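Scroll down for the structure; my scribbles are underneath it.
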2 protein chains.
Amino acid sequence: MTAKRANYHHGDLRAGLVEATRQLVEEKGPDRFSVSDACRAAGVSTAAPYRHFNDRDEMLLAVCSEGMERFYDTMSAAVADKAPGTIETINDLGLAYIKFATSEPGVFRLSFGIAREHEGNPEIVERGQRIYGILLAQVAAYFGKPDVDDEVLERAFPLWTMVHGLSFLLIDEKITALDLQLDIETMMRENTRRLLAD
Amino acid sequence: MTAKRANYHHGDLRAGLVEATRQLVEEKGPDRFSVSDACRAAGVSTAAPYRHFNDRDEMLLAVCSEGMERFYDTMSAAVADKAPGTIETINDLGLAYIKFATSEPGVFRLSFGIAREHEGNPEIVERGQRIYGILLAQVAAYFGKPDVDDEVLERAFPLWTMVHGLSFLLIDEKITALDLQLDIETMMRENTRRLLAD
DNA sequence: TTGCCAAAGTTAGAAGCCCTAACATATGTA
DNA sequence: TACATATGTTAGGGCTTCTAACTTTGGCAA
C-alpha cells in the first residue's frame with residue numbers, strides 16, 4: 001500500500017479509506033485501528049478523511065455497514081437452492097454464520113459492538129434484522145407456520161445464541177486456550193437437532 | 001473521586017488504580033478506558049502507574065484477573081448447596097453466568113478478549129479453566145460419570161456456547177435492538193433441558 | 001472557451017494520549 | 001541516625017484525533 005499518487009485528487013478516497021480501514025480492523029482489531037494508519041495505507045494526509053467522515057467512529061461504521069451487507073449475502077447463499085425448513089438447511093445457516101465470524105472477525109466484532117455505541121443506528125439495526133430474518137423464515141418453515149409468530153421467535157432465538165456464542169469463543173481463541181478438541185460440524189448438527197426437538 | 005491526598009505517598013496505589021480502572025472499564029468500556037482517567041480518579045500524576053504496571057494493558061489485565069476471581073466465586077455460589085447434576089442446578093449455573101455478564105459487562109468483555117491479546121497468559125487461562133470446570137463437574141454428575149470424559153466435554157460445550165452467546169447479545173443490546181420480548185429464565189430452562197436430552 | 005465555485009486535497013497546530021527519564025520525598029532497616 | 005529503596009513528582013518525546021486556514025482542481029454557467 002502507501003501508494004503515492006500523481007494527482008492532487010484521489011479519485012475515490014472514501015472507498016479507498018473504507019477498504020484500508022477494513023483491512024486494518026482485521027489485522028489489528030477495531031480498538032487498535034487508527035485513522036493515521038488508514039491514511040498511510042491510502043497515501044493521503046491525516047486530515048483528508050475528515051472530508052468524508054465526521055470522525056474515527058464513522059469510518060468504522062462504514063466498514064461495519066458494508067460488512068453486514070456481505071454477511072447478509074453469505075447467509076442468503078447458505079440457504080439458497082436448499083430445501084427450506086429442514087434441520088440440515090438450518091444447520092448450514094448456522095455454519096455459515098460461524099464461517100463469516102471466523103473469516104472476518106474484525107467486521108464481526110464491529111457488527112456486534114457498534115449498535116451499542118451508536119444507540120440503535122437505524123441502518124445497522126435494519127441490516128441486523130434482515131440477517132436474523134433469514135433464520136426466522138427457516139424456523140417458521142420448519143414448524144410449518146405461514147409466518148413468524150411468538151413460537152417461532154422462541155425457537156429461533158436459542159439457535160442464534162448458540163452459534164453466536166460459538167463464534168465468539170472461536171475468534172477469542174477460548175477453545176484452543178482450554179485445549180478442547182472439537183469437531184464443530186458434528187457438534188453443531190447434534191445440537192441444532194436438540195434445540196429444534198420438543 | 002479525584003481525591004486530593006495529604007501525603008506524598010498514596011498508601012496502596014496499586015489497589016486504588018485497579019479499582020479506578022475497573023470502574024472506568026464499566027463506565028466507558030475496555031477500549032475507551034484511559035490511564036489518564038484512572039490517574040485523575042486516584043488523584044496521582046500520570047506517571048505514577050508505571051511504578052506498579054508495565055503499561056496500560058497490564059492495568060486491564062489486573063482488573064481482568066481480579067474480576068475472573070469474582071466470576072468464579074459467583075459461579076461456585078450458584079451450585080453450592082444444590083443437588084449436583086440436576087437440570088435445575090445446571091440451569092442455575094447458566095443463569096449465574098448471564099447475571100455476571102450483564103452486571104459487569106466491562107470485566108466480562110475483558111475476560112474474553114485478553115487471552116487472545118496476551119497469547120494464553122497462564123494466570124488468565126487457569127482462571128478460565130477453573131470456571132469452566134464447575135460446569136464440567138455438573139454435567140459429569142448429570143450423566144452419572146465419575147470424571148470428565150469426552151462425552152461430558154461434548155455435552156457441556158453447547159451449554160456454554162448458548163449462555164455465552166446470550167450474554168453477549170444482552171450486553172451488546174441486540175435483544176432490544178431487534179425488539180425481542182423474551183423471558184430469559186423460561187427460555188433458558190427449556191433449552192438447557194433440550195441440550196441435555198438425547 | 002473561459003471563469004468561478006465548491007469539492008477535496010494540503011499543511012500547521014491544539015489538545016490529549018502513553019510512556020520514559022530525571023528528580024524528589026518518604027519509609028524501613030542497619 | 002543514615003541512607004538505600006520504593007514510590008511519588010515534573011518535563012517532555014512521539015504518537016494520536018480532529019480543526020482551521022490555505023491550495024488545487026473538476027465541473028458547470030455564461
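Order determines the names: the first chain of the C-alpha cells is A, the second B, and so forth; residues in each chain are numbered 1 upward, and ligands are numbered 1 upward as they are shown.
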
For this session: Quick one: everything within 6 Å of region 106-123 of chain A, counting only C-alpha atoms (C1' of nucleotides), minus sequence neighbours fewer than 6 positions away in the same chain. Send it as a PyMOL selection string.
Result: (chain A and resi 25-26+29+64) or (chain B and resi 172)

Would you save the residues from that selection as an mmCIF file, in the first residue's frame, using N, CA and C atoms?
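Full text of selection.cif as output:
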```cif
data_model
loop_
_atom_site.group_PDB
_atom_site.id
_atom_site.type_symbol
_atom_site.label_atom_id
_atom_site.label_comp_id
_atom_site.auth_asym_id
_atom_site.auth_seq_id
_atom_site.Cartn_x
_atom_site.Cartn_y
_atom_site.Cartn_z
ATOM 1 N N VAL A 25 -8.704 -3.186 10.459
ATOM 2 C CA VAL A 25 -9.561 -3.748 11.510
ATOM 3 C C VAL A 25 -9.342 -5.257 11.599
ATOM 4 N N GLU A 26 -9.162 -5.900 10.482
ATOM 5 C CA GLU A 26 -8.894 -7.348 10.512
ATOM 6 C C GLU A 26 -7.496 -7.648 11.048
ATOM 7 N N GLY A 29 -7.609 -5.421 14.875
ATOM 8 C CA GLY A 29 -8.816 -5.342 15.691
ATOM 9 C C GLY A 29 -9.369 -3.932 15.712
ATOM 10 N N CYS A 64 -18.443 -1.431 9.027
ATOM 11 C CA CYS A 64 -19.451 -2.303 9.624
ATOM 12 C C CYS A 64 -20.647 -2.476 8.688
ATOM 13 N N ASP B 172 -24.559 -6.434 24.397
ATOM 14 C CA ASP B 172 -24.457 -5.622 23.177
ATOM 15 C C ASP B 172 -25.811 -5.059 22.761
#
```

Exercise. Near region 140-144 of chain B, within 10 Å and counting only C-alpha atoms (C1' of nucleotides), which residues show up once chain neighbours fewer than 5 positions away are dropped, as a ChimeraX atom specification?
Worked result: /B:83-87,89-90,135,149,151-153,155-156,196

May I have the residues within 9 Å of Leu13 (chain A) as an mmCIF file with N, CA and C atoms, in the first residue's frame, using only C-alpha atoms (C1' of nucleotides) and disregarding those fewer than 5 positions away in the same chain?
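Final file, result.cif:
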```
data_model
loop_
_atom_site.group_PDB
_atom_site.id
_atom_site.type_symbol
_atom_site.label_atom_id
_atom_site.label_comp_id
_atom_site.auth_asym_id
_atom_site.auth_seq_id
_atom_site.Cartn_x
_atom_site.Cartn_y
_atom_site.Cartn_z
ATOM 1 N N VAL A 18 -12.315 3.249 3.287
ATOM 2 C CA VAL A 18 -13.130 2.171 3.859
ATOM 3 C C VAL A 18 -12.396 0.848 3.713
ATOM 4 N N ALA A 42 -3.741 4.581 2.463
ATOM 5 C CA ALA A 42 -4.397 5.177 1.294
ATOM 6 C C ALA A 42 -3.513 6.230 0.630
ATOM 7 N N VAL A 44 -2.699 9.367 1.786
ATOM 8 C CA VAL A 44 -3.174 10.751 1.916
ATOM 9 C C VAL A 44 -2.780 11.313 3.279
ATOM 10 N N ALA A 48 -7.248 14.325 5.531
ATOM 11 C CA ALA A 48 -8.113 14.007 4.384
ATOM 12 C C ALA A 48 -9.417 13.273 4.736
ATOM 13 N N PRO A 49 -9.367 12.303 5.649
ATOM 14 C CA PRO A 49 -10.596 11.546 5.927
ATOM 15 C C PRO A 49 -11.763 12.422 6.372
ATOM 16 N N HIS A 52 -14.732 13.228 4.374
ATOM 17 C CA HIS A 52 -15.680 12.153 4.041
ATOM 18 C C HIS A 52 -16.374 11.559 5.258
#
```

For this session: For chain B, work out the contacting residues on chain D at 9 Å, counting only C-alpha atoms (C1' of nucleotides), and write them as a ChimeraX atom specification.
Result: /D:6-9

Where does chain A meet chain B within 7 Å, residue by residue, with the nearest atom pair and distance in Å to one decimal for each, counting only C-alpha atoms, listed by chain and rising number, as JSON lines?
```
{"residue": "A:Asp31", "atom": "CA", "partner": "B:Asp31", "partner_atom": "CA", "distance": 6.0}
{"residue": "A:Phe112", "atom": "CA", "partner": "B:Asp172", "partner_atom": "CA", "distance": 6.4}
{"residue": "A:Gly113", "atom": "CA", "partner": "B:Asp172", "partner_atom": "CA", "distance": 6.1}
{"residue": "A:Arg116", "atom": "CA", "partner": "B:Asp172", "partner_atom": "CA", "distance": 5.6}
{"residue": "A:Gly120", "atom": "CA", "partner": "B:Ala177", "partner_atom": "CA", "distance": 6.4}
{"residue": "A:Val125", "atom": "CA", "partner": "B:Ala177", "partner_atom": "CA", "distance": 6.5}
{"residue": "A:Gln129", "atom": "CA", "partner": "B:Leu178", "partner_atom": "CA", "distance": 6.5}
{"residue": "A:Pro158", "atom": "CA", "partner": "B:Met162", "partner_atom": "CA", "distance": 6.9}
{"residue": "A:Thr161", "atom": "CA", "partner": "B:Gly165", "partner_atom": "CA", "distance": 4.4}
{"residue": "A:Met162", "atom": "CA", "partner": "B:Met162", "partner_atom": "CA", "distance": 4.1}
{"residue": "A:His164", "atom": "CA", "partner": "B:Gly165", "partner_atom": "CA", "distance": 4.9}
{"residue": "A:Gly165", "atom": "CA", "partner": "B:Gly165", "partner_atom": "CA", "distance": 3.4}
{"residue": "A:Leu166", "atom": "CA", "partner": "B:Thr161", "partner_atom": "CA", "distance": 5.0}
{"residue": "A:Asp172", "atom": "CA", "partner": "B:Arg116", "partner_atom": "CA", "distance": 5.7}
{"residue": "A:Glu173", "atom": "CA", "partner": "B:Arg116", "partner_atom": "CA", "distance": 6.1}
{"residue": "A:Ala177", "atom": "CA", "partner": "B:Gly120", "partner_atom": "CA", "distance": 6.4}
{"residue": "A:Leu178", "atom": "CA", "partner": "B:Gln129", "partner_atom": "CA", "distance": 6.5}
{"residue": "A:Asn191", "atom": "CA", "partner": "B:Leu195", "partner_atom": "CA", "distance": 6.5}
{"residue": "A:Arg194", "atom": "CA", "partner": "B:Arg194", "partner_atom": "CA", "distance": 5.6}
{"residue": "A:Leu195", "atom": "CA", "partner": "B:Arg194", "partner_atom": "CA", "distance": 5.7}
```

Could those selected residues go to a file with N, CA and C atoms, as a CSV table (one decimal), in the first residue's frame?
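Contents of part-v8.csv, freshly written:
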```csv
chain,number,residue,atom,x,y,z
A,31,ASP,N,-10.3,-1.9,18.0
A,31,ASP,CA,-9.8,-1.0,19.0
A,31,ASP,C,-8.4,-0.5,18.7
A,112,PHE,N,-21.3,-6.3,16.1
A,112,PHE,CA,-22.0,-6.5,17.4
A,112,PHE,C,-21.6,-5.6,18.5
A,113,GLY,N,-20.7,-4.6,18.2
A,113,GLY,CA,-20.4,-3.6,19.2
A,113,GLY,C,-21.0,-2.3,18.8
A,116,ARG,N,-24.5,-0.7,20.0
A,116,ARG,CA,-24.5,-0.3,21.4
A,116,ARG,C,-24.0,1.2,21.5
A,120,GLY,N,-28.5,2.3,18.6
A,120,GLY,CA,-29.5,1.9,17.7
A,120,GLY,C,-29.5,2.6,16.4
A,125,VAL,N,-29.2,-1.4,12.5
A,125,VAL,CA,-30.3,-2.2,13.0
A,125,VAL,C,-31.1,-2.9,11.9
A,129,GLN,N,-31.6,-6.9,11.3
A,129,GLN,CA,-32.9,-7.6,11.3
A,129,GLN,C,-33.1,-8.4,10.0
A,158,PRO,N,-32.7,-19.4,20.6
A,158,PRO,CA,-31.6,-20.2,21.2
A,158,PRO,C,-30.6,-20.7,20.1
A,161,THR,N,-28.3,-17.8,19.8
A,161,THR,CA,-27.3,-17.7,20.9
A,161,THR,C,-26.2,-18.7,20.8
A,162,MET,N,-26.6,-19.9,20.4
A,162,MET,CA,-25.6,-21.0,20.3
A,162,MET,C,-24.5,-20.7,19.3
A,164,HIS,N,-23.8,-17.8,18.0
A,164,HIS,CA,-23.2,-16.5,18.3
A,164,HIS,C,-22.1,-16.8,19.4
A,165,GLY,N,-22.5,-17.5,20.4
A,165,GLY,CA,-21.5,-17.9,21.4
A,165,GLY,C,-20.3,-18.6,20.9
A,166,LEU,N,-20.6,-19.6,20.1
A,166,LEU,CA,-19.6,-20.4,19.5
A,166,LEU,C,-18.6,-19.6,18.6
A,172,ASP,N,-12.1,-15.5,19.9
A,172,ASP,CA,-11.4,-15.2,21.1
A,172,ASP,C,-10.4,-16.3,21.5
A,173,GLU,N,-10.4,-17.3,20.7
A,173,GLU,CA,-9.4,-18.4,20.9
A,173,GLU,C,-9.6,-19.1,22.3
A,177,ALA,N,-7.5,-22.3,24.0
A,177,ALA,CA,-6.9,-22.0,25.3
A,177,ALA,C,-7.3,-23.1,26.3
A,178,LEU,N,-8.5,-23.7,26.1
A,178,LEU,CA,-8.9,-24.7,27.0
A,178,LEU,C,-8.6,-26.1,26.5
A,191,ASN,N,-26.6,-30.5,18.0
A,191,ASN,CA,-27.3,-29.6,18.9
A,191,ASN,C,-28.3,-28.7,18.3
A,194,ARG,N,-31.1,-31.0,18.6
A,194,ARG,CA,-31.7,-31.0,20.0
A,194,ARG,C,-32.5,-29.7,20.3
A,195,LEU,N,-32.0,-28.6,19.8
A,195,LEU,CA,-32.7,-27.3,20.1
A,195,LEU,C,-34.1,-27.2,19.3
```

For this session: as number ranges by chain, please: all residues of chain A that backbone DSSP puts in alpha helix (DSSP H).
Result: A: 13-28, 35-42, 56-79, 87-103, 105-117, 122-142, 150-171, 174-177, 184-196

Exercise. Counting only C-alpha atoms (C1' of nucleotides), what is within 12 Å of DG13 (chain D), bar same-chain residues fewer than 6 positions away, as a ChimeraX atom specification?
Worked result: /C:18-21

Exercise. With only C-alpha atoms as the atoms that count, which of A:Leu170, A:Ala96, A:Val79, A:Glu88 lies nearest to Ile134 (chain A)?
Worked result: A:Val79

For this session: Please measure the separation of CA of Glu69 (chain A) and CA of Arg127 (chain A), giving the value in Å to one decimal.
Result: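 It comes out at 7.1 Å.
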
For this session: Considering only C-alpha atoms (C1' of nucleotides), return as a VMD selection string whatever protein or nucleic-acid residues lie within 12 Å of Glu19 (chain B), sequence-local ones (same chain, fewer than 2 positions apart) excluded.
Result: chain B and resid 1 12 to 17 21 to 26 38 to 39 41 to 42 59 to 60 62 to 64 66 to 67 107

Exercise. Taking only C-alpha atoms (C1' of nucleotides) into account, what are the residues of chain C at most 10 Å from chain A, put as JSON, numbers by chain?
Worked result: {"C": [7, 8, 9, 10, 11]}

For this session: Skip DG13 (chain C) itself and residues of its chain fewer than 3 positions away, then list as a PyMOL selection string all residues within 12 Å of it, counting only C-alpha atoms (C1' of nucleotides).
Result: chain D and resi 18-21

Could those residues be written to a file, using N, CA and C atoms (P, O5', C5', C4', C3', O3' and C1' of nucleotides), as a PDB file, in the first residue's frame?
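Below is the file that was written, result_39.pdb:
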```pdb
ATOM      1  P    DC D  18     -11.760  11.658  15.887  1.00  0.00           P
ATOM      2  O5'  DC D  18     -11.619  13.214  15.524  1.00  0.00           O
ATOM      3  C5'  DC D  18     -11.659  14.152  16.601  1.00  0.00           C
ATOM      4  C4'  DC D  18     -11.147  15.488  16.119  1.00  0.00           C
ATOM      5  C3'  DC D  18     -11.850  16.074  14.895  1.00  0.00           C
ATOM      6  O3'  DC D  18     -12.678  17.143  15.351  1.00  0.00           O
ATOM      7  C1'  DC D  18      -9.511  16.472  14.890  1.00  0.00           C
ATOM      8  P    DT D  19     -13.515  18.087  14.311  1.00  0.00           P
ATOM      9  O5'  DT D  19     -12.639  19.417  14.228  1.00  0.00           O
ATOM     10  C5'  DT D  19     -12.164  20.013  15.429  1.00  0.00           C
ATOM     11  C4'  DT D  19     -11.442  21.307  15.099  1.00  0.00           C
ATOM     12  C3'  DT D  19     -12.118  22.162  14.021  1.00  0.00           C
ATOM     13  O3'  DT D  19     -12.044  23.518  14.454  1.00  0.00           O
ATOM     14  C1'  DT D  19      -9.893  21.675  13.376  1.00  0.00           C
ATOM     15  P    DA D  20     -12.748  24.707  13.605  1.00  0.00           P
ATOM     16  O5'  DA D  20     -11.505  25.481  12.973  1.00  0.00           O
ATOM     17  C5'  DA D  20     -10.370  25.765  13.792  1.00  0.00           C
ATOM     18  C4'  DA D  20      -9.363  26.577  12.985  1.00  0.00           C
ATOM     19  C3'  DA D  20      -9.990  27.489  11.927  1.00  0.00           C
ATOM     20  O3'  DA D  20      -9.215  28.684  11.862  1.00  0.00           O
ATOM     21  C1'  DA D  20      -8.579  25.924  10.874  1.00  0.00           C
ATOM     22  P    DA D  21      -9.660  29.900  10.883  1.00  0.00           P
ATOM     23  O5'  DA D  21      -8.533  29.872   9.759  1.00  0.00           O
ATOM     24  C5'  DA D  21      -7.161  29.741  10.128  1.00  0.00           C
ATOM     25  C4'  DA D  21      -6.357  29.464   8.880  1.00  0.00           C
ATOM     26  C3'  DA D  21      -6.801  30.286   7.659  1.00  0.00           C
ATOM     27  O3'  DA D  21      -5.641  30.780   6.998  1.00  0.00           O
ATOM     28  C1'  DA D  21      -6.810  28.004   7.119  1.00  0.00           C
TER      29       DA D  21
END
```

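Here CA of Asp73 (chain A) and CA of Asp37 (chain A) stand 29.0 Å from one another.
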